[in-house]
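Peer 1: Pasting target36.json here (JSON, C-alpha atoms and all ligand atoms):
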[["chain", "number", "residue", "atom", "x", "y", "z"],
["H", 1, "MET", "CA", -0.52, 29.98, -4.15],
["H", 2, "PRO", "CA", -3.51, 27.66, -4.08],
["H", 3, "VAL", "CA", -3.19, 23.89, -4.00],
["H", 4, "THR", "CA", -3.95, 22.45, -7.44],
["H", 5, "VAL", "CA", -4.70, 18.87, -8.48],
["H", 6, "HIS", "CA", -3.39, 17.34, -11.72],
["H", 7, "PRO", "CA", -4.45, 13.77, -12.59],
["H", 8, "LEU", "CA", -1.59, 11.44, -13.52],
["H", 9, "SER", "CA", -3.59, 8.74, -15.31],
["H", 10, "PRO", "CA", -7.24, 8.03, -16.19],
["H", 11, "HIS", "CA", -8.02, 5.91, -13.12],
["H", 12, "ILE", "CA", -5.50, 6.57, -10.36],
["H", 13, "GLY", "CA", -3.07, 9.16, -9.12],
["H", 14, "ALA", "CA", -2.82, 12.93, -9.09],
["H", 15, "GLU", "CA", 0.00, 15.38, -8.59],
["H", 16, "ILE", "CA", -0.51, 18.13, -6.05],
["H", 17, "ARG", "CA", 1.20, 21.42, -6.81],
["H", 18, "GLY", "CA", 1.45, 24.69, -4.99],
["H", 19, "VAL", "CA", 2.35, 23.43, -1.54],
["H", 20, "ASP", "CA", 5.52, 23.04, 0.49],
["H", 21, "ILE", "CA", 4.69, 20.10, 2.74],
["H", 22, "SER", "CA", 7.73, 20.65, 4.95],
["H", 23, "GLN", "CA", 5.85, 23.57, 6.48],
["H", 24, "PRO", "CA", 2.70, 23.60, 8.64],
["H", 25, "LEU", "CA", -0.33, 23.61, 6.34],
["H", 26, "ALA", "CA", -3.45, 25.75, 6.44],
["H", 27, "ALA", "CA", -6.61, 23.83, 7.28],
["H", 28, "GLU", "CA", -8.07, 24.52, 3.84],
["H", 29, "ASP", "CA", -4.97, 23.08, 2.16],
["H", 30, "VAL", "CA", -5.17, 19.93, 4.28],
["H", 31, "ALA", "CA", -8.85, 19.61, 3.35],
["H", 32, "ALA", "CA", -8.08, 20.05, -0.36],
["H", 33, "ILE", "CA", -5.32, 17.44, -0.20],
["H", 34, "ARG", "CA", -7.54, 15.04, 1.68],
["H", 35, "GLN", "CA", -10.33, 15.39, -0.87],
["H", 36, "ALA", "CA", -7.88, 14.85, -3.74],
["H", 37, "TRP", "CA", -6.59, 11.74, -1.96],
["H", 38, "LEU", "CA", -10.13, 10.36, -1.69],
["H", 39, "ASP", "CA", -10.74, 11.16, -5.35],
["H", 40, "HIS", "CA", -7.47, 9.81, -6.76],
["H", 41, "CYS", "CA", -6.18, 7.23, -4.18],
["H", 42, "VAL", "CA", -2.54, 8.21, -4.79],
["H", 43, "LEU", "CA", -1.03, 11.68, -4.52],
["H", 44, "LEU", "CA", 2.37, 12.90, -5.69],
["H", 45, "PHE", "CA", 4.23, 15.89, -4.29],
["H", 46, "ARG", "CA", 7.41, 16.73, -6.20],
["H", 47, "ASP", "CA", 10.54, 18.63, -5.19],
["H", 48, "GLN", "CA", 9.99, 18.39, -1.48],
["H", 49, "SER", "CA", 12.75, 18.62, 1.09],
["H", 50, "LEU", "CA", 11.74, 16.68, 4.18],
["H", 51, "ASP", "CA", 13.60, 15.47, 7.21],
["H", 52, "ALA", "CA", 11.95, 12.74, 9.26],
["H", 53, "ASN", "CA", 10.29, 15.19, 11.64],
["H", 54, "GLN", "CA", 8.82, 17.24, 8.79],
["H", 55, "GLN", "CA", 7.55, 14.11, 7.04],
["H", 56, "ARG", "CA", 5.98, 12.89, 10.26],
["H", 57, "ALA", "CA", 4.32, 16.27, 10.86],
["H", 58, "PHE", "CA", 2.83, 16.19, 7.35],
["H", 59, "VAL", "CA", 1.54, 12.65, 7.85],
["H", 60, "ARG", "CA", -0.10, 13.63, 11.14],
["H", 61, "ASN", "CA", -2.42, 15.96, 9.23],
["H", 62, "PHE", "CA", -4.23, 12.82, 8.09],
["H", 63, "GLY", "CA", -4.50, 10.74, 11.24],
["H", 64, "GLU", "CA", -2.66, 8.83, 13.93],
["H", 65, "LEU", "CA", 0.67, 7.30, 13.00],
["H", 66, "GLY", "CA", 0.40, 3.66, 12.06],
["H", 67, "GLY", "CA", 2.30, 0.93, 13.87],
["H", 68, "ARG", "CA", 4.96, -1.32, 12.43],
["H", 69, "LYS", "CA", 4.11, -4.40, 14.42],
["H", 70, "VAL", "CA", 2.16, -7.32, 13.03],
["H", 71, "ARG", "CA", 0.32, -9.67, 15.31],
["H", 72, "VAL", "CA", 0.99, -13.34, 14.71],
["H", 73, "GLU", "CA", -0.33, -14.89, 17.90],
["H", 74, "PRO", "CA", -1.70, -13.02, 20.92],
["H", 75, "GLN", "CA", 1.54, -13.44, 22.82],
["H", 76, "ASN", "CA", 3.91, -13.39, 19.88],
["H", 77, "TYR", "CA", 4.57, -10.13, 18.12],
["H", 78, "LYS", "CA", 6.85, -9.59, 15.22],
["H", 79, "ALA", "CA", 8.37, -6.15, 15.20],
["H", 80, "VAL", "CA", 10.59, -4.50, 12.67],
["H", 81, "GLU", "CA", 13.91, -3.90, 14.35],
["H", 82, "LYS", "CA", 14.41, -0.43, 15.64],
["H", 83, "GLN", "CA", 16.49, 1.50, 13.19],
["H", 84, "GLU", "CA", 19.14, 3.89, 14.29],
["H", 85, "GLY", "CA", 20.96, 6.49, 12.31],
["H", 86, "PRO", "CA", 21.25, 10.14, 11.56],
["H", 87, "ASP", "CA", 18.18, 10.59, 9.39],
["H", 88, "TYR", "CA", 15.39, 8.60, 10.88],
["H", 89, "ASN", "CA", 13.36, 7.91, 13.95],
["H", 90, "ALA", "CA", 12.05, 4.67, 15.35],
["H", 91, "ASP", "CA", 8.58, 5.31, 13.94],
["H", 92, "ALA", "CA", 9.88, 5.84, 10.40],
["H", 93, "MET", "CA", 10.57, 2.79, 8.30],
["H", 94, "LEU", "CA", 13.40, 2.86, 5.82],
["H", 95, "VAL", "CA", 12.88, 0.97, 2.58],
["H", 96, "SER", "CA", 16.41, 0.56, 1.30],
["H", 97, "ASN", "CA", 18.98, -1.77, -0.20],
["H", 98, "ILE", "CA", 21.85, 0.11, 1.44],
["H", 99, "ARG", "CA", 23.91, -2.11, 3.71],
["H", 100, "GLU", "CA", 26.16, -1.12, 6.55],
["H", 101, "GLY", "CA", 28.44, -3.83, 7.87],
["H", 102, "GLY", "CA", 26.70, -6.25, 5.51],
["H", 103, "LYS", "CA", 23.32, -5.61, 7.09],
["H", 104, "PRO", "CA", 20.50, -3.73, 5.32],
["H", 105, "ILE", "CA", 19.72, -0.43, 7.04],
["H", 106, "GLY", "CA", 16.07, -0.81, 6.06],
["H", 107, "VAL", "CA", 13.49, -3.34, 4.98],
["H", 108, "LEU", "CA", 12.30, -4.76, 1.64],
["H", 109, "PRO", "CA", 15.76, -4.11, 0.27],
["H", 110, "ASP", "CA", 16.23, -5.60, -3.18],
["H", 111, "GLY", "CA", 14.62, -5.90, -6.55],
["H", 112, "GLU", "CA", 11.09, -6.49, -7.70],
["H", 113, "MET", "CA", 8.10, -6.57, -5.39],
["H", 114, "TRP", "CA", 4.74, -7.97, -6.51],
["H", 115, "PHE", "CA", 1.44, -6.13, -6.23],
["H", 116, "HIS", "CA", 0.17, -5.92, -2.67],
["H", 117, "HIS", "CA", -1.90, -3.90, -0.22],
["H", 118, "ASP", "CA", 0.31, -2.76, 2.66],
["H", 119, "MET", "CA", -0.44, -4.83, 5.77],
["H", 120, "CYS", "CA", -3.62, -6.48, 4.46],
["H", 121, "TYR", "CA", -2.47, -9.51, 6.46],
["H", 122, "SER", "CA", -3.08, -7.54, 9.66],
["H", 123, "PRO", "CA", -6.56, -7.37, 11.27],
["H", 124, "GLN", "CA", -6.28, -3.59, 11.31],
["H", 125, "PRO", "CA", -4.23, -2.61, 8.27],
["H", 126, "ASN", "CA", -2.60, 0.78, 8.13],
["H", 127, "ARG", "CA", -4.84, 3.06, 6.16],
["H", 128, "ALA", "CA", -2.28, 5.04, 4.24],
["H", 129, "SER", "CA", 1.41, 5.01, 3.42],
["H", 130, "PHE", "CA", 3.66, 8.00, 2.78],
["H", 131, "LEU", "CA", 6.87, 7.19, 0.96],
["H", 132, "TYR", "CA", 9.58, 9.81, 0.46],
["H", 133, "ALA", "CA", 12.49, 9.35, -1.95],
["H", 134, "ILE", "CA", 15.95, 10.26, -0.66],
["H", 135, "GLU", "CA", 18.16, 8.29, -3.07],
["H", 136, "VAL", "CA", 16.99, 6.51, -6.22],
["H", 137, "PRO", "CA", 18.73, 4.26, -8.75],
["H", 138, "SER", "CA", 19.42, 5.46, -12.29],
["H", 139, "ARG", "CA", 16.74, 3.13, -13.63],
["H", 140, "GLY", "CA", 14.03, 0.86, -12.23],
["H", 141, "GLY", "CA", 12.66, 0.73, -8.71],
["H", 142, "ASP", "CA", 9.48, 2.32, -10.09],
["H", 143, "THR", "CA", 6.26, 2.00, -8.10],
["H", 144, "MET", "CA", 3.17, 0.90, -10.01],
["H", 145, "PHE", "CA", -0.22, 1.70, -8.52],
["H", 146, "SER", "CA", -3.42, 0.00, -9.57],
["H", 147, "SER", "CA", -6.97, 1.19, -8.86],
["H", 148, "MET", "CA", -9.00, -1.42, -7.01],
["H", 149, "TYR", "CA", -12.15, 0.68, -7.55],
["H", 150, "GLU", "CA", -11.74, 0.41, -11.31],
["H", 151, "ALA", "CA", -10.81, -3.28, -11.07],
["H", 152, "TYR", "CA", -14.10, -3.94, -9.26],
["H", 153, "ALA", "CA", -16.08, -1.76, -11.64],
["H", 154, "ARG", "CA", -14.87, -3.89, -14.57],
["H", 155, "LEU", "CA", -15.82, -7.27, -13.08],
["H", 156, "PRO", "CA", -18.56, -9.06, -15.00],
["H", 157, "GLN", "CA", -21.70, -9.60, -12.94],
["H", 158, "ALA", "CA", -21.17, -13.37, -12.86],
["H", 159, "LEU", "CA", -17.72, -12.92, -11.35],
["H", 160, "ARG", "CA", -19.04, -10.42, -8.82],
["H", 161, "GLU", "CA", -21.59, -12.98, -7.71],
["H", 162, "ARG", "CA", -18.91, -15.68, -7.29],
["H", 163, "ILE", "CA", -16.92, -13.55, -4.87],
["H", 164, "GLU", "CA", -19.77, -11.79, -3.06],
["H", 165, "GLY", "CA", -19.63, -12.48, 0.67],
["H", 166, "ARG", "CA", -16.34, -14.36, 0.57],
["H", 167, "THR", "CA", -13.17, -13.84, 2.55],
["H", 168, "VAL", "CA", -9.59, -14.47, 1.53],
["H", 169, "LEU", "CA", -6.60, -15.54, 3.59],
["H", 170, "GLN", "CA", -3.96, -12.81, 3.52],
["H", 171, "ALA", "CA", -0.48, -13.79, 4.69],
["H", 172, "PHE", "CA", 2.96, -12.32, 4.22],
["H", 173, "ASP", "CA", 6.49, -12.89, 5.38],
["H", 174, "GLU", "CA", 9.95, -12.78, 3.97],
["H", 175, "TYR", "CA", 9.56, -12.82, 0.19],
["H", 176, "GLN", "CA", 8.80, -9.89, -2.08],
["H", 177, "ASP", "CA", 8.37, -11.62, -5.42],
["H", 178, "ARG", "CA", 6.60, -14.84, -4.53],
["H", 179, "ARG", "CA", 4.00, -15.96, -2.07],
["H", 180, "ILE", "CA", 5.22, -17.84, 0.95],
["H", 181, "ASP", "CA", 4.37, -21.54, 0.71],
["H", 182, "LEU", "CA", 1.85, -22.28, 3.42],
["H", 183, "ARG", "CA", 2.37, -26.02, 2.94],
["H", 184, "GLU", "CA", 5.88, -25.53, 4.33],
["H", 185, "ARG", "CA", 5.22, -22.87, 6.93],
["H", 186, "PRO", "CA", 2.74, -23.32, 9.78],
["H", 187, "LEU", "CA", 0.21, -20.52, 9.58],
["H", 188, "SER", "CA", 0.76, -19.84, 13.28],
["H", 189, "GLN", "CA", 4.26, -18.59, 12.43],
["H", 190, "VAL", "CA", 3.18, -16.28, 9.64],
["H", 191, "PRO", "CA", 1.45, -12.90, 9.99],
["H", 192, "HIS", "CA", -1.99, -13.55, 8.53],
["H", 193, "CYS", "CA", -5.71, -12.93, 8.75],
["H", 194, "PHE", "CA", -8.88, -13.42, 6.73],
["H", 195, "GLN", "CA", -10.18, -10.32, 5.02],
["H", 196, "PRO", "CA", -13.22, -9.61, 2.85],
["H", 197, "ILE", "CA", -12.46, -10.10, -0.82],
["H", 198, "VAL", "CA", -14.26, -6.86, -1.65],
["H", 199, "VAL", "CA", -14.17, -3.92, 0.75],
["H", 200, "ARG", "CA", -16.37, -0.88, 1.15],
["H", 201, "HIS", "CA", -14.33, 2.28, 1.47],
["H", 202, "PRO", "CA", -15.35, 4.01, 4.72],
["H", 203, "GLU", "CA", -15.31, 7.51, 3.26],
["H", 204, "THR", "CA", -16.17, 7.20, -0.42],
["H", 205, "ALA", "CA", -18.54, 4.22, 0.13],
["H", 206, "ARG", "CA", -17.18, 2.71, -3.10],
["H", 207, "ARG", "CA", -16.39, -0.97, -3.57],
["H", 208, "ALA", "CA", -12.78, -2.03, -4.08],
["H", 209, "ILE", "CA", -11.22, -5.46, -4.68],
["H", 210, "TYR", "CA", -9.00, -6.52, -1.79],
["H", 211, "VAL", "CA", -6.84, -9.31, -3.23],
["H", 212, "ASN", "CA", -3.28, -9.18, -4.51],
["H", 213, "ARG", "CA", -0.74, -11.56, -5.98],
["H", 214, "LEU", "CA", 1.82, -11.35, -3.17],
["H", 215, "MET", "CA", -0.29, -11.80, -0.06],
["H", 216, "SER", "CA", -3.65, -13.40, -1.00],
["H", 217, "HIS", "CA", -3.49, -17.17, -0.52],
["H", 218, "ARG", "CA", -6.82, -18.88, -0.36],
["H", 219, "ILE", "CA", -10.44, -17.94, -0.87],
["H", 220, "GLU", "CA", -12.46, -19.31, 1.99],
["H", 221, "GLY", "CA", -14.88, -22.09, 1.09],
["H", 222, "LEU", "CA", -13.11, -23.15, -2.13],
["H", 223, "ASP", "CA", -10.66, -25.99, -2.60],
["H", 224, "GLU", "CA", -7.10, -25.08, -3.53],
["H", 225, "ALA", "CA", -7.49, -25.48, -7.29],
["H", 226, "GLU", "CA", -10.73, -23.49, -7.40],
["H", 227, "SER", "CA", -9.24, -20.81, -5.23],
["H", 228, "GLU", "CA", -6.11, -20.50, -7.37],
["H", 229, "ALA", "CA", -8.16, -20.31, -10.55],
["H", 230, "LEU", "CA", -10.48, -17.65, -9.15],
["H", 231, "LEU", "CA", -7.57, -15.59, -7.83],
["H", 232, "GLU", "CA", -5.94, -15.69, -11.26],
["H", 233, "GLU", "CA", -9.20, -14.51, -12.83],
["H", 234, "LEU", "CA", -9.27, -11.61, -10.38],
["H", 235, "PHE", "CA", -5.60, -10.74, -10.93],
["H", 236, "ALA", "CA", -6.35, -10.21, -14.62],
["H", 237, "TYR", "CA", -8.54, -7.31, -13.46],
["H", 238, "THR", "CA", -6.45, -6.04, -10.54],
["H", 239, "GLU", "CA", -3.25, -5.95, -12.62],
["H", 240, "ALA", "CA", -4.69, -4.62, -15.89],
["H", 241, "PRO", "CA", -2.09, -2.22, -17.31],
["H", 242, "ASP", "CA", -4.70, 0.41, -18.18],
["H", 243, "ILE", "CA", -5.82, 0.89, -14.56],
["H", 244, "ARG", "CA", -2.31, 1.72, -13.38],
["H", 245, "TYR", "CA", -0.12, 4.69, -12.77],
["H", 246, "THR", "CA", 3.61, 3.96, -12.77],
["H", 247, "HIS", "CA", 5.75, 6.37, -10.82],
["H", 248, "VAL", "CA", 9.37, 6.90, -11.82],
["H", 249, "TRP", "CA", 10.96, 8.35, -8.70],
["H", 250, "SER", "CA", 13.14, 11.41, -8.35],
["H", 251, "PRO", "CA", 14.74, 12.45, -5.06],
["H", 252, "GLY", "CA", 12.34, 14.77, -3.25],
["H", 253, "ASP", "CA", 9.18, 12.98, -4.38],
["H", 254, "LEU", "CA", 6.63, 12.08, -1.74],
["H", 255, "LEU", "CA", 3.79, 9.74, -2.58],
["H", 256, "MET", "CA", 0.83, 9.14, -0.27],
["H", 257, "TRP", "CA", -1.59, 6.37, -1.04],
["H", 258, "ASP", "CA", -4.74, 4.76, 0.28],
["H", 259, "ASN", "CA", -4.24, 1.07, 1.08],
["H", 260, "LEU", "CA", -7.95, 0.26, 0.90],
["H", 261, "CYS", "CA", -8.52, 1.14, -2.74],
["H", 262, "SER", "CA", -5.13, 0.70, -4.38],
["H", 263, "THR", "CA", -2.41, -1.88, -4.73],
["H", 264, "HIS", "CA", 1.20, -1.21, -5.59],
["H", 265, "ALA", "CA", 4.24, -3.08, -6.87],
["H", 266, "ARG", "CA", 7.90, -2.30, -7.42],
["H", 267, "THR", "CA", 9.90, -2.94, -10.54],
["H", 268, "ASP", "CA", 13.39, -4.41, -10.42],
["H", 269, "PHE", "CA", 16.43, -2.15, -10.22],
["H", 270, "PRO", "CA", 20.22, -2.57, -10.32],
["H", 271, "ALA", "CA", 21.50, -4.28, -7.19],
["H", 272, "ASP", "CA", 24.65, -2.18, -7.17],
["H", 273, "GLU", "CA", 22.81, 1.16, -7.05],
["H", 274, "ARG", "CA", 21.50, 2.77, -3.89],
["H", 275, "ARG", "CA", 17.81, 3.23, -3.19],
["H", 276, "LEU", "CA", 16.69, 4.93, 0.02],
["H", 277, "MET", "CA", 13.09, 5.74, 0.85],
["H", 278, "ARG", "CA", 11.52, 6.80, 4.16],
["H", 279, "ARG", "CA", 8.04, 5.59, 4.99],
["H", 280, "TYR", "CA", 5.46, 6.63, 7.53],
["H", 281, "THR", "CA", 1.93, 5.31, 7.76],
["H", 282, "ILE", "CA", -1.35, 6.30, 9.33],
["H", 283, "ALA", "CA", -3.32, 3.76, 11.29],
["H", 284, "GLY", "CA", -6.48, 2.17, 9.97],
["H", 285, "ALA", "CA", -9.53, 0.39, 11.30],
["H", 286, "PRO", "CA", -10.78, -3.15, 10.71],
["H", 287, "VAL", "CA", -11.71, -3.52, 7.05],
["H", 288, "THR", "CA", -15.41, -3.31, 6.19],
["H", 289, "PRO", "CA", -16.78, -5.97, 3.83],
["H", 290, "ALA", "CA", -18.57, -4.40, 0.87],
["H", 291, "TRP", "CA", -21.74, -6.34, 1.62],
["H", 292, "ASP", "CA", -22.00, -5.30, 5.27],
["H", 293, "ALA", "CA", -22.21, -1.56, 4.84],
["H", 294, "GLN", "CA", -25.62, 0.02, 4.61],
["H", 295, "THR", "CA", -25.26, 2.47, 1.79],
["H", 296, "ALA", "CA", -26.78, 3.00, -1.60],
["H", 297, "ALA", "CA", -23.49, 3.81, -3.27],
["H", 298, "GLU", "CA", -21.94, 1.08, -5.42],
["H", 301, "FE", "FE", 4.07, -1.72, -0.01]]
Output the file's structure in the form of C-alpha cells.
Ligand SMILES: [Fe+2]
Peer 2:
Amino acid sequence: MPVTVHPLSPHIGAEIRGVDISQPLAAEDVAAIRQAWLDHCVLLFRDQSLDANQQRAFVRNFGELGGRKVRVEPQNYKAVEKQEGPDYNADAMLVSNIREGGKPIGVLPDGEMWFHHDMCYSPQPNRASFLYAIEVPSRGGDTMFSSMYEAYARLPQALRERIEGRTVLQAFDEYQDRRIDLRERPLSQVPHCFQPIVVRHPETARRAIYVNRLMSHRIEGLDEAESEALLEELFAYTEAPDIRYTHVWSPGDLLMWDNLCSTHARTDFPADERRLMRRYTIAGAPVTPAWDAQTAAE
C-alpha cells in the first residue's frame, strides 16, 4: 500500500496514511514522508502502536537523535532528569501530568502552554520533534500548530523592513503560560540565546518568522517598549487562527513537526485526567538568518 498524503488545513499539516511506522520502512517511503514533511511542516500518523524502541527507530530515519540538555553557561548545564520506568528510555522525554509519589513522571505536566518553537533558546535547536500519544484526557490538551512560512508571507512590506536583519532574545525556563521575568532572573541563570527574527529554512529555502509568545523576550536594538510593541504586532500574524491546524489527540497518534517553520501551543485540559506523551527529537544545526543565505527563493 503506497504512502499517501492528505492535507489537514490550508497552510499546515498533513496526515500520512498507508504506513505502519512501527516497522522498518522502505527507502522510498522514508523519502515520501520526508518530502511531505518539508511541504506541510507537520505530519500526523494515526493508529500507530509504538514502544519507545520503535518510536526511536522511526525517528532515526530522519537524522541523529536530538539532545535534551540546554547550555546555560559553558560550565553549567541544565539537564532533564533521567527518567526511569517500564516504557521509556533515557533519550525519550515524557510529557505528562502523571505523578508517582507526588512527583511528575515527565516534564511540562499541566495545563495550557503558549505558542513556542521547541528549544529556540538553544544555539543549536533540535530540528524536529516527534510526539506520540499514549494516554489522553477526555477533552483539551490539544496541540495547535501555526505556519511560520504563512505568517511571514502575510507581513506587510513595511513590517518586513522593520525586522530585517534583527535578532531576538529567546529564553525559557519553568513557566508554560507566561514568559519568565528577566528583571527578576539573571540571564546567566536562564537558558537563552539570540536568534534571527526571520530564518531561512535550510531545505526549502523559504523564510519563516522565528518569534513566539512564550520564549521571545527582546528584539535587539530596540528599547523595551518598542520591542514589546513590535513583538505584539508580529504575534498577530504568528497566531492568526487561519494559519493553524489544531490536533485533537487520540491514543496511537504520532505527530512529527519541523521546529524551524512552525510553532505550537497546548490548550488546557482537566487536571484530574491523565495525559501521557512520549517525545523524541532530531538534532538541528545553528539557525540561518533569512538575510544571510544566498538563494533566490523568498
Ligand atoms: Fe513544544
Peer 1: Return as a tab-separated table the residues of chain H lying at most 9 Å from ligand FE 301 (chain H), together with the closest atom-to-atom pair for each and the distance in Å to one decimal, counting all atoms listed in the file, with rows in chain order and ascending residue number.
Peer 2:
residue	atom	partner	partner_atom	distance
H:Leu108	CA	H:FE301	FE	8.9
H:Met113	CA	H:FE301	FE	8.3
H:Phe115	CA	H:FE301	FE	8.1
H:His116	CA	H:FE301	FE	6.3
H:His117	CA	H:FE301	FE	6.4
H:Asp118	CA	H:FE301	FE	4.7
H:Met119	CA	H:FE301	FE	8.0
H:Ser129	CA	H:FE301	FE	8.0
H:Asn259	CA	H:FE301	FE	8.8
H:Thr263	CA	H:FE301	FE	8.0
H:His264	CA	H:FE301	FE	6.3
H:Ala265	CA	H:FE301	FE	7.0
H:Arg266	CA	H:FE301	FE	8.4
Peer 1: Those same residues - C-alpha atoms - I'd like them written as a short mmCIF file (atom, residue, chain, number, x, y, z; two decimals), keeping the file's coordinate frame.
Peer 2:
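Okay, this is what ended up in out_7.cif:
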data_model
loop_
_atom_site.label_atom_id
_atom_site.label_comp_id
_atom_site.auth_asym_id
_atom_site.auth_seq_id
_atom_site.Cartn_x
_atom_site.Cartn_y
_atom_site.Cartn_z
CA LEU H 108 12.30 -4.76 1.64
CA MET H 113 8.10 -6.57 -5.39
CA PHE H 115 1.44 -6.13 -6.23
CA HIS H 116 0.17 -5.92 -2.67
CA HIS H 117 -1.90 -3.90 -0.22
CA ASP H 118 0.31 -2.76 2.66
CA MET H 119 -0.44 -4.83 5.77
CA SER H 129 1.41 5.01 3.42
CA ASN H 259 -4.24 1.07 1.08
CA THR H 263 -2.41 -1.88 -4.73
CA HIS H 264 1.20 -1.21 -5.59
CA ALA H 265 4.24 -3.08 -6.87
CA ARG H 266 7.90 -2.30 -7.42
#
Peer 1: Quick one: distance from CA of Ile134 (chain H) to CA of Asp51 (chain H) in Å, one decimal?
Peer 2: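 These two atoms are separated by 9.7 Å.
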Peer 1: Leaving out Asp272 (chain H) and any residue of its chain fewer than 3 positions from it, which residues lie within 12 Å of it when counting all atoms listed in the file, given as a VMD selection string?
Peer 2: chain H and resid 97 to 99 109 to 111 136 to 139 268 to 269 275
Peer 1: Would you mind listing what lies within 12 Å of Glu135 (chain H) as number ranges by chain, with all atoms listed in the file counted and same-chain residues fewer than 5 positions away left out?
Peer 2: H: 94-98, 141, 249-253, 273-278
Peer 1: Counting only C-alpha atoms, which of H:Ser262, H:Ser49, H:Ser122, H:Thr281 gets nearest to Glu239 (chain H)?
Peer 2: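 Among the listed residues, the smallest separation from Glu239 (chain H) belongs to H:Ser262.
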Peer 1: Considering only C-alpha atoms, state which residue in the set H:Pro186, H:Lys103, H:Gly66, H:Asp177 is at the smallest distance from Gln124 (chain H).
Peer 2: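 Among H:Pro186, H:Lys103, H:Gly66, H:Asp177, it is H:Gly66 that comes nearest to Gln124 (chain H).
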Peer 1: For Gly13 (chain H), please output as a list of chain:residue names all residues within 9 Å (counting only C-alpha atoms; exclusion window: fewer than 4 positions along the same chain).
Peer 2: H:His6, H:Pro7, H:Leu8, H:Ser9, H:Trp37, H:Asp39, H:His40, H:Cys41, H:Val42, H:Leu43, H:Leu44, H:Phe145, H:Ser147, H:Arg244, H:Tyr245, H:Trp257
Peer 1: Nearest residue to Leu38 (chain H) out of H:Gln195, H:Asn212, H:Thr204, H:Gln55, using all atoms listed in the file?
Peer 2: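 Closest candidate: H:Thr204.
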Peer 1: List as a VMD selection string the protein and nucleic acid residues near region 17-22 of chain H, meaning an atom at most 7 Å away when only C-alpha atoms are counted, but skip any in the same chain fewer than 4 places from it.
Peer 2: chain H and resid 1 to 5 45 48 to 50 54 to 55 58
Peer 1: Using C-alpha atoms, can you export the residues from the last selection as a PDB file, in the frame of the given file?
Peer 2:
ATOM      1  CA  MET H   1      -0.520  29.980  -4.150  1.00  0.00           C
ATOM      2  CA  PRO H   2      -3.510  27.660  -4.080  1.00  0.00           C
ATOM      3  CA  VAL H   3      -3.190  23.890  -4.000  1.00  0.00           C
ATOM      4  CA  THR H   4      -3.950  22.450  -7.440  1.00  0.00           C
ATOM      5  CA  VAL H   5      -4.700  18.870  -8.480  1.00  0.00           C
ATOM      6  CA  PHE H  45       4.230  15.890  -4.290  1.00  0.00           C
ATOM      7  CA  GLN H  48       9.990  18.390  -1.480  1.00  0.00           C
ATOM      8  CA  SER H  49      12.750  18.620   1.090  1.00  0.00           C
ATOM      9  CA  LEU H  50      11.740  16.680   4.180  1.00  0.00           C
ATOM     10  CA  GLN H  54       8.820  17.240   8.790  1.00  0.00           C
ATOM     11  CA  GLN H  55       7.550  14.110   7.040  1.00  0.00           C
ATOM     12  CA  PHE H  58       2.830  16.190   7.350  1.00  0.00           C
TER      13      PHE H  58
END
Peer 1: For a cutoff of 9 Å around the file-coordinate point (-3.0, 9.9, 12.6), which residues qualify once you count only C-alpha atoms? I'd like the result as a CSV table (one decimal) with C-alpha atoms, keeping the file's coordinate frame.
Peer 2:
chain,number,residue,atom,x,y,z
H,59,VAL,CA,1.5,12.6,7.8
H,60,ARG,CA,-0.1,13.6,11.1
H,61,ASN,CA,-2.4,16.0,9.2
H,62,PHE,CA,-4.2,12.8,8.1
H,63,GLY,CA,-4.5,10.7,11.2
H,64,GLU,CA,-2.7,8.8,13.9
H,65,LEU,CA,0.7,7.3,13.0
H,66,GLY,CA,0.4,3.7,12.1
H,281,THR,CA,1.9,5.3,7.8
H,282,ILE,CA,-1.4,6.3,9.3
H,283,ALA,CA,-3.3,3.8,11.3
H,284,GLY,CA,-6.5,2.2,10.0
Peer 1: How many Å separate CA of Glu226 (chain H) from CA of Ile163 (chain H)?
Peer 2: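 If I compute the distance from CA of Glu226 (chain H) to CA of Ile163 (chain H), I get 12.0 Å.
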Peer 1: Show me the residues around (-17.9, -21.8, -0.9) - criterion: an atom at most 10 Å away, all atoms listed in the file counted - as a PyMOL selection string.
Peer 2: chain H and resi 162-163+165-167+219-223+226-227
Peer 1: Restricting the calculation to all atoms listed in the file: of H:Asp258, H:Glu100, H:Glu15, H:Glu150, which residue gets closest to Glu203 (chain H)?
Peer 2: H:Asp258
Peer 1: Please, what distance in Å, to one decimal, runs between CA of Ala285 (chain H) and CA of Leu260 (chain H)?
Peer 2: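 Those two atoms sit 10.5 Å apart.
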Peer 1: Go through H:Val211, H:Ala27, H:Ala153, H:Ala128 one by one, measure the shortest atom-to-atom distance of each to Leu234 (chain H) using all atoms listed in the file, and give the residue with the smallest value.
Peer 2: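 Between H:Val211, H:Ala27, H:Ala153, H:Ala128, the residue approaching Leu234 (chain H) most closely is H:Val211.
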Peer 1: For a quick check of understanding, using all atoms listed in the file, which of H:Gly102, H:Pro196, H:Gly140, H:Pro10 has the smallest distance to Thr288 (chain H)?
Peer 2: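 Distance minimum relative to Thr288 (chain H) lands on H:Pro196.
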Peer 1: Show me, as a PyMOL selection string, the residues that have an atom within 6 Å of Gln170 (chain H) when counting all atoms listed in the file, minus same-chain residues fewer than 6 positions from it.
Peer 2: chain H and resi 121+192-194+215-217
Peer 1: Using the file's own x, y and z axes, so that the box edges lie along x, y and z, what centre and edge lengths in Å (one decimal) does a box around every listed atom of region 23-27 of chain H get when 3 Å is added on each side? Give it as AutoDock Vina command-line options.
Peer 2:
--center_x -0.4 --center_y 24.7 --center_z 7.5 --size_x 18.5 --size_y 8.2 --size_z 8.3
